[in-house]
file coords.txt (compact mmCIF, C-alpha atoms)
# COMPACT_ATOMS: atom_id res chain seq x y z
CA MET X 15 -68.95 40.66 -103.15
CA ARG X 16 -68.44 44.08 -101.63
CA GLY X 17 -67.48 42.43 -98.30
CA LEU X 18 -64.77 40.40 -100.05
CA PHE X 19 -63.49 43.55 -101.73
CA ILE X 20 -63.26 45.37 -98.40
CA ALA X 21 -61.46 42.40 -96.76
CA ALA X 22 -58.96 42.22 -99.63
CA THR X 23 -58.43 45.97 -99.41
CA LEU X 24 -57.62 45.86 -95.69
CA ALA X 25 -55.36 42.84 -96.12
CA LEU X 26 -53.29 44.59 -98.76
CA ALA X 27 -53.01 47.86 -96.81
CA ALA X 28 -49.95 46.75 -94.88
CA SER X 29 -48.16 46.01 -98.14
CA ALA X 30 -48.97 49.27 -99.88
CA HIS X 31 -46.19 51.77 -100.56
CA ALA X 32 -47.36 55.13 -99.27
CA ASN X 33 -44.87 56.92 -101.51
CA GLY X 34 -41.73 56.35 -103.53
CA ALA X 35 -39.54 56.62 -100.45
CA MET X 36 -40.32 53.07 -99.27
CA GLY X 37 -36.75 51.77 -99.46
CA LEU X 38 -35.06 54.37 -97.29
CA GLY X 39 -38.16 54.74 -95.12
CA LEU X 40 -38.01 51.10 -94.08
CA GLU X 41 -34.32 51.50 -93.30
CA MET X 42 -34.76 54.67 -91.30
CA PHE X 43 -37.90 54.22 -89.21
CA GLU X 44 -39.45 51.71 -86.86
CA LEU X 45 -41.25 49.14 -88.99
CA SER X 46 -44.50 49.22 -86.99
CA TYR X 47 -44.76 53.01 -87.18
CA TRP X 48 -43.89 52.99 -90.88
CA PHE X 49 -46.78 50.63 -91.64
CA ALA X 50 -49.08 52.71 -89.42
CA TYR X 51 -48.08 55.73 -91.49
CA VAL X 52 -48.78 53.79 -94.71
CA GLY X 53 -52.23 52.77 -93.47
CA VAL X 54 -53.21 56.28 -92.42
CA ILE X 55 -52.00 57.82 -95.69
CA VAL X 56 -53.85 55.22 -97.75
CA VAL X 57 -57.10 56.06 -95.95
CA LEU X 58 -56.54 59.83 -96.22
CA GLU X 59 -55.85 59.59 -99.94
CA ALA X 60 -58.95 57.43 -100.41
CA TRP X 61 -60.99 60.11 -98.66
CA LEU X 62 -59.40 63.23 -100.14
CA ILE X 63 -58.97 61.91 -103.70
CA GLY X 64 -61.14 58.82 -104.20
CA ARG X 65 -64.24 60.28 -102.64
CA TRP X 66 -63.57 63.62 -104.36
CA ILE X 67 -63.75 61.96 -107.81
CA GLY X 68 -67.07 60.39 -106.91
CA GLN X 69 -66.10 56.82 -105.94
CA SER X 70 -67.55 54.85 -103.01
CA TRP X 71 -65.46 54.18 -99.90
CA PRO X 72 -64.61 50.54 -100.80
CA VAL X 73 -63.58 51.44 -104.33
CA SER X 74 -61.64 54.49 -103.09
CA LEU X 75 -59.67 52.35 -100.63
CA GLY X 76 -58.91 49.79 -103.31
CA LEU X 77 -57.76 52.47 -105.73
CA SER X 78 -55.63 54.13 -103.05
CA ILE X 79 -53.84 50.86 -102.34
CA LEU X 80 -53.39 50.17 -106.05
CA ALA X 81 -52.05 53.69 -106.65
CA ASN X 82 -49.57 53.42 -103.79
CA LEU X 83 -48.40 49.98 -104.87
CA PHE X 84 -47.90 51.36 -108.39
CA THR X 85 -45.85 54.25 -106.98
CA GLY X 86 -43.80 51.84 -104.90
CA VAL X 87 -42.94 49.75 -107.95
CA MET X 88 -42.03 52.84 -109.98
CA CYS X 89 -40.04 54.65 -107.29
CA GLY X 90 -39.32 52.13 -104.58
CA GLY X 91 -37.04 49.18 -103.99
CA TRP X 92 -37.30 47.83 -107.55
CA GLY X 93 -37.97 51.03 -109.44
CA CYS X 94 -36.05 53.47 -111.56
CA PHE X 95 -35.28 55.78 -108.61
CA ALA X 96 -34.11 53.06 -106.21
CA PRO X 97 -30.41 54.10 -106.15
CA ILE X 98 -31.15 57.61 -104.88
CA LEU X 99 -33.58 56.38 -102.22
CA HIS X 100 -30.79 54.82 -100.20
CA THR X 101 -28.78 57.93 -99.53
CA ILE X 102 -28.50 60.86 -97.14
CA PHE X 103 -30.04 64.09 -98.39
CA VAL X 104 -28.97 66.47 -95.60
CA GLY X 105 -25.59 66.25 -93.86
CA ASP X 106 -22.70 63.86 -94.15
CA PRO X 107 -23.39 60.09 -94.34
CA MET X 108 -21.32 59.72 -91.17
CA ASN X 109 -23.21 62.52 -89.46
CA PRO X 110 -26.61 63.01 -91.11
CA ASN X 111 -29.22 65.54 -90.10
CA LEU X 112 -31.82 62.90 -89.30
CA PHE X 113 -34.82 65.17 -88.79
CA LEU X 114 -34.32 67.15 -92.00
CA ASN X 115 -33.67 63.89 -93.84
CA ALA X 116 -37.06 62.67 -92.70
CA VAL X 117 -38.68 65.91 -93.88
CA ALA X 118 -36.80 65.76 -97.18
CA LEU X 119 -37.70 62.12 -97.67
CA LEU X 120 -41.41 62.87 -97.46
CA LEU X 121 -41.30 66.17 -99.36
CA ILE X 122 -38.99 65.21 -102.21
CA PHE X 123 -41.06 62.20 -103.19
CA ALA X 124 -44.47 63.76 -102.57
CA VAL X 125 -44.66 65.31 -106.03
CA PRO X 126 -43.48 62.33 -108.16
CA SER X 127 -45.63 60.02 -106.03
CA ALA X 128 -48.64 62.27 -106.61
CA ILE X 129 -48.04 62.35 -110.37
CA PHE X 130 -47.65 58.58 -110.67
CA GLU X 131 -50.72 57.95 -108.55
CA SER X 132 -52.82 60.43 -110.49
CA LEU X 133 -52.54 58.08 -113.49
CA ILE X 134 -54.55 55.51 -111.50
CA TRP X 135 -56.99 58.02 -110.07
CA ASN X 136 -57.62 59.64 -113.44
CA ARG X 137 -58.87 56.40 -114.98
CA ALA X 138 -61.39 55.95 -112.17
CA ARG X 139 -62.82 59.47 -112.00
CA LYS X 140 -66.56 59.79 -112.37
CA GLU X 141 -66.78 63.55 -112.50
CA ALA X 142 -65.06 66.20 -114.59
CA HIS X 143 -61.91 66.75 -112.57
CA GLU X 144 -59.36 65.97 -115.27
CA GLY X 145 -57.54 69.27 -115.22
CA LYS X 146 -57.54 69.50 -111.42
CA LEU X 147 -56.79 65.90 -110.47
CA ILE X 148 -53.00 66.12 -110.64
CA LEU X 149 -53.02 69.34 -108.63
CA ARG X 150 -55.38 67.71 -106.14
CA SER X 151 -53.09 64.70 -105.82
CA ILE X 152 -50.00 66.89 -105.31
CA GLY X 153 -51.83 69.02 -102.76
CA VAL X 154 -52.99 65.98 -100.80
CA HIS X 155 -49.50 64.46 -100.77
CA LEU X 156 -47.94 67.68 -99.51
CA ALA X 157 -50.69 68.24 -96.95
CA THR X 158 -50.21 64.77 -95.47
CA VAL X 159 -46.46 65.24 -94.88
CA PRO X 160 -47.04 66.68 -91.36
CA VAL X 161 -49.35 63.75 -90.61
CA GLY X 162 -46.66 61.30 -91.70
CA LEU X 163 -44.04 63.05 -89.56
CA ALA X 164 -46.35 63.06 -86.54
CA ILE X 165 -46.74 59.28 -86.81
CA LEU X 166 -43.13 58.40 -87.64
CA LEU X 167 -41.71 60.57 -84.86
CA ILE X 168 -43.81 59.06 -82.07
CA PRO X 169 -40.93 56.94 -80.62
CA ALA X 170 -38.29 58.76 -78.57
CA GLU X 171 -35.65 57.39 -80.98
CA PRO X 172 -37.52 57.00 -84.26
CA TYR X 173 -34.47 56.55 -86.51
CA ARG X 174 -33.31 53.19 -85.14
CA GLY X 175 -33.19 51.60 -88.56
CA VAL X 176 -30.60 53.98 -89.97
CA VAL X 177 -27.73 52.09 -91.57
CA GLU X 178 -24.73 53.34 -89.68
CA SER X 179 -21.51 53.78 -91.66
CA ARG X 180 -19.85 54.39 -88.30
CA GLN X 181 -19.19 50.67 -87.98
CA TRP X 182 -16.54 51.07 -90.68
CA LEU X 183 -14.94 53.92 -88.74
CA ARG X 184 -14.88 51.82 -85.59
CA ALA X 185 -13.13 49.02 -87.44
CA ASP X 186 -10.50 51.55 -88.57
CA ILE X 187 -10.12 52.85 -85.01
CA ARG X 188 -9.62 49.31 -83.70
CA ARG X 189 -6.92 48.69 -86.31
CA ALA X 190 -5.29 52.03 -85.46
CA ILE X 191 -5.14 51.11 -81.77
CA GLY X 192 -3.54 47.80 -82.74
CA GLY X 193 -0.90 49.63 -84.80
CA TYR X 194 -0.31 52.14 -82.00
CA VAL X 195 0.16 49.43 -79.35
CA ALA X 196 2.51 47.43 -81.58
CA ASP X 197 4.61 50.55 -82.27
CA LYS X 198 4.57 52.24 -78.85
CA GLU X 199 4.28 49.07 -76.73
CA HIS X 200 1.70 50.69 -74.46
CA ALA X 201 -1.93 51.71 -74.55
CA PRO X 202 -2.94 55.16 -75.82
CA THR X 203 -2.74 57.89 -73.20
CA GLN X 204 -5.70 60.17 -73.99
CA SER X 205 -9.19 59.74 -72.50
CA ASP X 206 -10.87 62.63 -74.33
CA PRO X 207 -12.30 61.25 -77.62
CA LYS X 208 -11.00 64.11 -79.77
CA LYS X 209 -7.53 64.01 -78.24
CA LEU X 210 -7.51 60.22 -78.57
CA ILE X 211 -8.21 60.48 -82.30
CA GLU X 212 -5.39 63.03 -82.60
CA GLU X 213 -3.05 60.58 -80.85
CA LEU X 214 -4.08 57.79 -83.22
CA GLN X 215 -3.91 59.90 -86.40
CA PRO X 216 -0.72 58.33 -87.84
CA TYR X 217 -2.30 54.88 -87.56
CA ILE X 218 -5.75 55.67 -88.97
CA ARG X 219 -6.39 55.09 -92.66
CA TRP X 220 -6.11 58.32 -94.61
CA GLU X 221 -9.71 58.00 -95.90
CA SER X 222 -11.07 57.88 -92.33
CA ARG X 223 -8.92 60.45 -90.56
CA ASP X 224 -11.23 63.44 -90.96
CA LYS X 225 -14.30 61.46 -89.87
CA ALA X 226 -12.85 59.07 -87.31
CA ILE X 227 -14.12 61.11 -84.37
CA TYR X 228 -17.70 60.09 -85.22
CA GLY X 229 -16.77 56.48 -84.57
CA LEU X 230 -16.30 57.30 -80.88
CA TYR X 231 -19.84 58.60 -80.39
CA ARG X 232 -23.17 56.87 -80.54
CA GLN X 233 -25.34 58.66 -83.04
CA ASP X 234 -28.00 60.93 -81.55
CA ARG X 235 -31.26 59.52 -82.88
CA GLY X 236 -33.74 61.70 -81.00
CA ARG X 237 -36.87 62.94 -82.77
CA PHE X 238 -35.39 66.27 -83.80
CA SER X 239 -31.74 65.29 -84.17
CA THR X 240 -30.01 67.66 -86.57
CA GLY X 241 -26.55 66.15 -86.33
CA GLU X 242 -23.97 65.05 -83.82
CA ASN X 243 -24.13 66.91 -80.52
CA TRP X 244 -21.56 64.73 -78.75
CA LYS X 245 -24.01 63.54 -76.09
CA TYR X 246 -23.05 59.87 -76.20
CA PRO X 247 -19.26 59.53 -76.08
CA VAL X 248 -17.30 56.31 -75.86
CA GLN X 249 -16.36 55.03 -72.40
CA VAL X 250 -12.60 54.97 -71.79
CA ASN X 251 -10.97 52.73 -69.19
CA THR X 252 -8.73 55.31 -67.56
CA ALA X 253 -7.07 52.61 -65.45
CA VAL X 254 -5.16 51.32 -68.48
CA LEU X 255 -4.21 54.62 -70.12
CA GLY X 256 -0.51 54.39 -71.05
CA LYS X 257 -0.22 50.91 -69.58
CA LYS X 258 2.76 49.04 -71.03
CA VAL X 259 2.72 45.69 -72.77
CA THR X 260 4.94 43.29 -70.82
CA TRP X 261 6.31 41.24 -73.74
CA GLU X 262 7.70 38.65 -71.33
CA GLY X 263 8.23 36.19 -74.16
CA ASP X 264 6.94 33.25 -72.17
CA GLU X 265 4.51 31.38 -74.41
CA ASN X 266 2.83 29.93 -71.34
CA ALA X 267 2.24 33.33 -69.72
CA PRO X 268 -1.49 34.00 -69.21
CA GLU X 269 -3.30 36.66 -71.23
CA GLN X 270 -3.83 40.02 -69.58
CA VAL X 271 -6.89 41.25 -71.49
CA GLU X 272 -8.54 44.46 -70.32
CA TRP X 273 -11.10 46.62 -72.10
CA PHE X 274 -9.93 50.01 -73.32
CA LEU X 275 -12.93 51.52 -75.19
CA ARG X 276 -16.62 50.69 -74.89
CA LEU X 277 -19.87 51.96 -76.40
CA PRO X 278 -22.83 50.31 -74.64
CA ALA X 279 -25.55 48.67 -76.69
CA VAL X 280 -28.83 50.59 -76.91
CA ASP X 281 -31.00 48.15 -78.91
CA GLU X 282 -30.87 44.93 -80.89
CA ARG X 283 -29.60 46.75 -84.00
CA GLU X 284 -26.56 48.29 -82.33
CA ARG X 285 -24.50 45.86 -80.30
CA GLU X 286 -21.98 46.90 -77.68
CA TRP X 287 -18.71 47.94 -79.27
CA THR X 288 -15.61 47.14 -77.24
CA VAL X 289 -11.89 47.40 -77.89
CA SER X 290 -9.75 45.25 -75.60
CA ILE X 291 -5.99 45.05 -75.29
CA ASP X 292 -3.97 42.01 -74.23
CA PHE X 293 -1.17 43.59 -72.19
CA GLN X 294 0.80 40.35 -72.24
CA TRP X 295 1.03 39.91 -75.99
CA GLY X 296 -0.05 43.32 -77.35
CA SER X 297 -2.98 42.05 -79.41
CA VAL X 298 -6.09 44.21 -79.82
CA ASP X 299 -9.62 42.79 -80.22
call {"tool": "encode", "arguments": {"input": "coords.txt", "output": "structure tokens"}}
result
Amino acid sequence: MRGLFIAATLALAASAHANGAMGLGLEMFELSYWFAYVGVIVVLEAWLIGRWIGQSWPVSLGLSILANLFTGVMCGGWGCFAPILHTIFVGDPMNPNLFLNAVALLLIFAVPSAIFESLIWNRARKEAHEGKLILRSIGVHLATVPVGLAILLIPAEPYRGVVESRQWLRADIRRAIGGYVADKEHAPTQSDPKKLIEELQPYIRWESRDKAIYGLYRQDRGRFSTGENWKYPVQVNTAVLGKKVTWEGDENAPEQVEWFLRLPAVDEREREWTVSIDFQWGSVD
């Protein structure tokens, strides 16, 4: 019977919510490292809380999984705090401080997670720890934050799952280039990203003008990224800067499509972004 309990405990470990930050955590971090973090935290909590209240290892593991699943339901994807889990805590949504967001994600939800989980632990305690159990749970959750960070930040680019609002900016930039080419009848003339955005300002939607520059840079997603440092700018085809659209009017004339802007793909989540101009007909794709 104990063997079946242990097997069930290990099987459920991958599903357990290590804290109430599950929703945003799954969006932000590599899935495999997130589940490794969950597994390690479950074991640490079983040891530092379950064993402390006098339970055996198998029972402690089972209770740790149950407590974390309970926290996940209360604070995670289906819980009462779900709306605020899918947001940026530090920095602008277009330019978040990724490292401090990771720290905030683990710290902010450590205390509520500890309180929710203490309800499970308290019912299973064998020794007189009632007054200290909540404090113990909070202390363990805070103490394991560095462990969680150490695991989640193992990859060189740990934040690959971040939902990037920059795609909306890039769509606005593409439309602005289309408006510019239709009005000026030639390609933009600036190769520097900031000067290019200045040139396109009249054609960029008002809501995106102040943030459009971020659309021309790939987000820095290094371990300790604290915001945009302009390391990954868009590639500009200088050969077509200022090139005129021919407008020959011959419907049989061949297309003259050439790329103008390009951001190379870095992984399966972020495809190559390219803006091309047809210098025969003036269309922009």
call {"tool": "residues_around", "arguments": {"input": "coords.txt", "residues": "stretch 181-192 of chain X", "least_positions_apart": "3", "cutoff": "8 Å", "atoms": "only C-alpha atoms", "output": "list in words"}}
result
Glu178, Val195, Ala196, Ala201, Pro202, Leu214, Tyr217, Ile218, Arg219, Ser222, Lys225, Ala226, Tyr228, Gly229, Leu230, Val289, Gly296, Ser297, Val298 and Asp299 of chain X
call {"tool": "write_last_selection", "arguments": {"input": "coords.txt", "atoms": "C-alpha atoms", "output": "compact mmCIF listing (two decimals), in the coordinates of the input"}}
result
# COMPACT_ATOMS: atom_id res chain seq x y z
CA GLU X 178 -24.73 53.34 -89.68
CA VAL X 195 0.16 49.43 -79.35
CA ALA X 196 2.51 47.43 -81.58
CA ALA X 201 -1.93 51.71 -74.55
CA PRO X 202 -2.94 55.16 -75.82
CA LEU X 214 -4.08 57.79 -83.22
CA TYR X 217 -2.30 54.88 -87.56
CA ILE X 218 -5.75 55.67 -88.97
CA ARG X 219 -6.39 55.09 -92.66
CA SER X 222 -11.07 57.88 -92.33
CA LYS X 225 -14.30 61.46 -89.87
CA ALA X 226 -12.85 59.07 -87.31
CA TYR X 228 -17.70 60.09 -85.22
CA GLY X 229 -16.77 56.48 -84.57
CA LEU X 230 -16.30 57.30 -80.88
CA VAL X 289 -11.89 47.40 -77.89
CA GLY X 296 -0.05 43.32 -77.35
CA SER X 297 -2.98 42.05 -79.41
CA VAL X 298 -6.09 44.21 -79.82
CA ASP X 299 -9.62 42.79 -80.22
call {"tool": "atom_distance", "arguments": {"input": "coords.txt", "atom1": "atom CA of X:Ala138", "atom2": "atom CA of X:Pro160"}}
result
27.5 Å
call {"tool": "closest_residue", "arguments": {"input": "coords.txt", "among": "X:Phe293, X:Phe238, X:Trp261, X:Trp135", "to": "X:Pro169", "atoms": "all atoms listed in the file"}}
result
X:Phe238
call {"tool": "closest_residue", "arguments": {"input": "coords.txt", "among": "X:Leu119, X:Val125, X:Val259, X:Val154", "to": "X:Val57", "atoms": "all atoms listed in the file"}}
result
X:Val154
call {"tool": "atom_distance", "arguments": {"input": "coords.txt", "atom1": "atom CA of X:Arg180", "atom2": "atom CA of X:Ala253"}}
result
26.2 Å
call {"tool": "residues_around", "arguments": {"input": "coords.txt", "residues": "X:Asn109", "least_positions_apart": "3", "cutoff": "8 Å", "atoms": "only C-alpha atoms", "output": "ChimeraX atom specification"}}
result
/X:105-106,228,233,241-242
call {"tool": "closest_residue", "arguments": {"input": "coords.txt", "among": "X:Leu120, X:Val104, X:Ala128, X:Val54", "to": "X:Ala81", "atoms": "all atoms listed in the file"}}
result
X:Ala128
call {"tool": "atom_distance", "arguments": {"input": "coords.txt", "atom1": "atom CA of X:Ile168", "atom2": "atom CA of X:Asn111"}}
result
17.9 Å
call {"tool": "closest_residue", "arguments": {"input": "coords.txt", "among": "X:Leu277, X:Leu166, X:Ile227, X:Leu114", "to": "X:Thr240", "atoms": "all atoms listed in the file"}}
result
X:Leu114
call {"tool": "residues_near_point", "arguments": {"input": "coords.txt", "point": "(-36.3, 57.4, -83.8)", "cutoff": "6 Å", "atoms": "only C-alpha atoms", "output": "list in words"}}
result
Pro169, Ala170, Glu171, Pro172, Tyr173, Arg174, Arg235, Gly236 and Arg237 of chain X
call {"tool": "closest_residue", "arguments": {"input": "coords.txt", "among": "X:Phe274, X:Phe130, X:Phe123, X:Phe49", "to": "X:Leu210", "atoms": "all atoms listed in the file"}}
result
X:Phe274
call {"tool": "closest_residue", "arguments": {"input": "coords.txt", "among": "X:Ile102, X:Met108, X:Leu156, X:Ala118", "to": "X:Glu59", "atoms": "all atoms listed in the file"}}
result
X:Leu156
call {"tool": "residues_around", "arguments": {"input": "coords.txt", "residues": "X:Ile148", "least_positions_apart": "2", "cutoff": "12 Å", "atoms": "all atoms listed in the file", "output": "list of chain:residue names"}}
result
X:Ile63, X:Ile67, X:Ala124, X:Val125, X:Pro126, X:Ser127, X:Ala128, X:Ile129, X:Phe130, X:Glu131, X:Ser132, X:Leu133, X:Ile134, X:Trp135, X:Asn136, X:Arg139, X:His143, X:Glu144, X:Gly145, X:Lys146, X:Arg150, X:Ser151, X:Ile152, X:Gly153, X:Val154, X:His155
call {"tool": "decode", "arguments": {"input": "coords.txt", "residues": "stretch 146-250 of chain X", "atoms": "C-alpha atoms", "output": "compact mmCIF listing (two decimals), in the first residue's frame"}}
result
# COMPACT_ATOMS: atom_id res chain seq x y z
CA LYS X 146 4.38 28.27 14.57
CA LEU X 147 3.19 26.39 11.49
CA ILE X 148 2.14 29.42 9.43
CA LEU X 149 5.40 31.19 10.23
CA ARG X 150 7.28 28.01 9.35
CA SER X 151 5.45 27.77 6.03
CA ILE X 152 6.12 31.42 5.18
CA GLY X 153 9.77 31.06 6.14
CA VAL X 154 10.21 27.95 3.98
CA HIS X 155 8.54 29.61 0.98
CA LEU X 156 10.76 32.67 1.25
CA ALA X 157 13.89 30.60 1.83
CA THR X 158 13.27 28.53 -1.30
CA VAL X 159 12.98 31.58 -3.59
CA PRO X 160 16.76 31.57 -4.32
CA VAL X 161 16.55 27.84 -5.06
CA GLY X 162 13.71 28.46 -7.51
CA LEU X 163 15.65 31.25 -9.22
CA ALA X 164 18.77 29.09 -9.48
CA ILE X 165 16.77 26.41 -11.31
CA LEU X 166 14.69 28.68 -13.54
CA LEU X 167 17.69 30.76 -14.64
CA ILE X 168 19.81 27.81 -15.78
CA PRO X 169 19.19 28.43 -19.54
CA ALA X 170 21.08 31.30 -21.17
CA GLU X 171 17.70 32.75 -22.25
CA PRO X 172 15.29 31.55 -19.57
CA TYR X 173 12.40 33.87 -20.43
CA ARG X 174 11.56 32.40 -23.84
CA GLY X 175 7.91 31.94 -22.98
CA VAL X 176 7.23 35.63 -22.38
CA VAL X 177 4.20 36.80 -24.33
CA GLU X 178 5.58 39.60 -26.43
CA SER X 179 3.31 42.59 -27.02
CA ARG X 180 5.94 43.77 -29.49
CA GLN X 181 4.18 41.83 -32.24
CA TRP X 182 1.44 44.46 -32.13
CA LEU X 183 4.02 47.23 -32.48
CA ARG X 184 5.58 45.49 -35.46
CA ALA X 185 2.19 45.27 -37.14
CA ASP X 186 1.81 49.02 -36.62
CA ILE X 187 5.29 49.65 -38.03
CA ARG X 188 4.49 47.57 -41.11
CA ARG X 189 1.30 49.57 -41.68
CA ALA X 190 3.23 52.83 -41.16
CA ILE X 191 5.78 51.84 -43.80
CA GLY X 192 2.91 51.06 -46.17
CA GLY X 193 1.41 54.51 -45.56
CA TYR X 194 4.81 56.17 -45.97
CA VAL X 195 5.53 54.42 -49.28
CA ALA X 196 2.07 55.22 -50.65
CA ASP X 197 2.48 58.90 -49.71
CA LYS X 198 6.15 59.48 -50.55
CA GLU X 199 6.42 56.92 -53.39
CA HIS X 200 9.78 55.70 -52.13
CA ALA X 201 11.19 53.63 -49.31
CA PRO X 202 12.11 55.26 -45.98
CA THR X 203 15.58 56.80 -45.94
CA GLN X 204 16.84 56.13 -42.39
CA SER X 205 18.79 53.03 -41.36
CA ASP X 206 19.17 53.86 -37.66
CA PRO X 207 16.14 52.37 -35.82
CA LYS X 208 15.43 55.48 -33.75
CA LYS X 209 15.72 57.82 -36.73
CA LEU X 210 13.57 55.45 -38.78
CA ILE X 211 10.80 55.61 -36.18
CA GLU X 212 11.06 59.41 -36.22
CA GLU X 213 10.67 59.36 -40.00
CA LEU X 214 7.60 57.13 -39.73
CA GLN X 215 5.97 59.05 -36.86
CA PRO X 216 3.15 60.65 -38.91
CA TYR X 217 2.09 57.21 -40.14
CA ILE X 218 2.24 55.31 -36.83
CA ARG X 219 -0.93 54.97 -34.79
CA TRP X 220 -1.01 57.52 -31.99
CA GLU X 221 -1.27 54.79 -29.32
CA SER X 222 1.98 53.19 -30.52
CA ARG X 223 4.15 56.21 -31.27
CA ASP X 224 5.91 56.44 -27.92
CA LYS X 225 6.66 52.70 -27.83
CA ALA X 226 7.20 51.90 -31.49
CA ILE X 227 10.98 51.84 -31.13
CA TYR X 228 10.73 48.61 -29.12
CA GLY X 229 9.23 46.90 -32.15
CA LEU X 230 12.56 47.27 -33.97
CA TYR X 231 14.56 45.37 -31.34
CA ARG X 232 14.47 41.76 -30.28
CA GLN X 233 13.87 41.62 -26.57
CA ASP X 234 16.93 40.87 -24.45
CA ARG X 235 16.01 37.69 -22.60
CA GLY X 236 19.30 36.96 -20.86
CA ARG X 237 19.29 35.64 -17.28
CA PHE X 238 19.69 39.03 -15.66
CA SER X 239 17.92 41.21 -18.23
CA THR X 240 16.65 44.37 -16.56
CA GLY X 241 15.18 45.98 -19.66
CA GLU X 242 16.02 46.87 -23.22
CA ASN X 243 19.71 47.48 -23.83
CA TRP X 244 19.40 47.77 -27.62
CA LYS X 245 21.67 44.79 -28.28
CA TYR X 246 19.51 43.17 -30.95
CA PRO X 247 18.43 45.79 -33.50
CA VAL X 248 16.49 45.17 -36.67
CA GLN X 249 18.47 44.58 -39.88
CA VAL X 250 17.94 47.29 -42.50
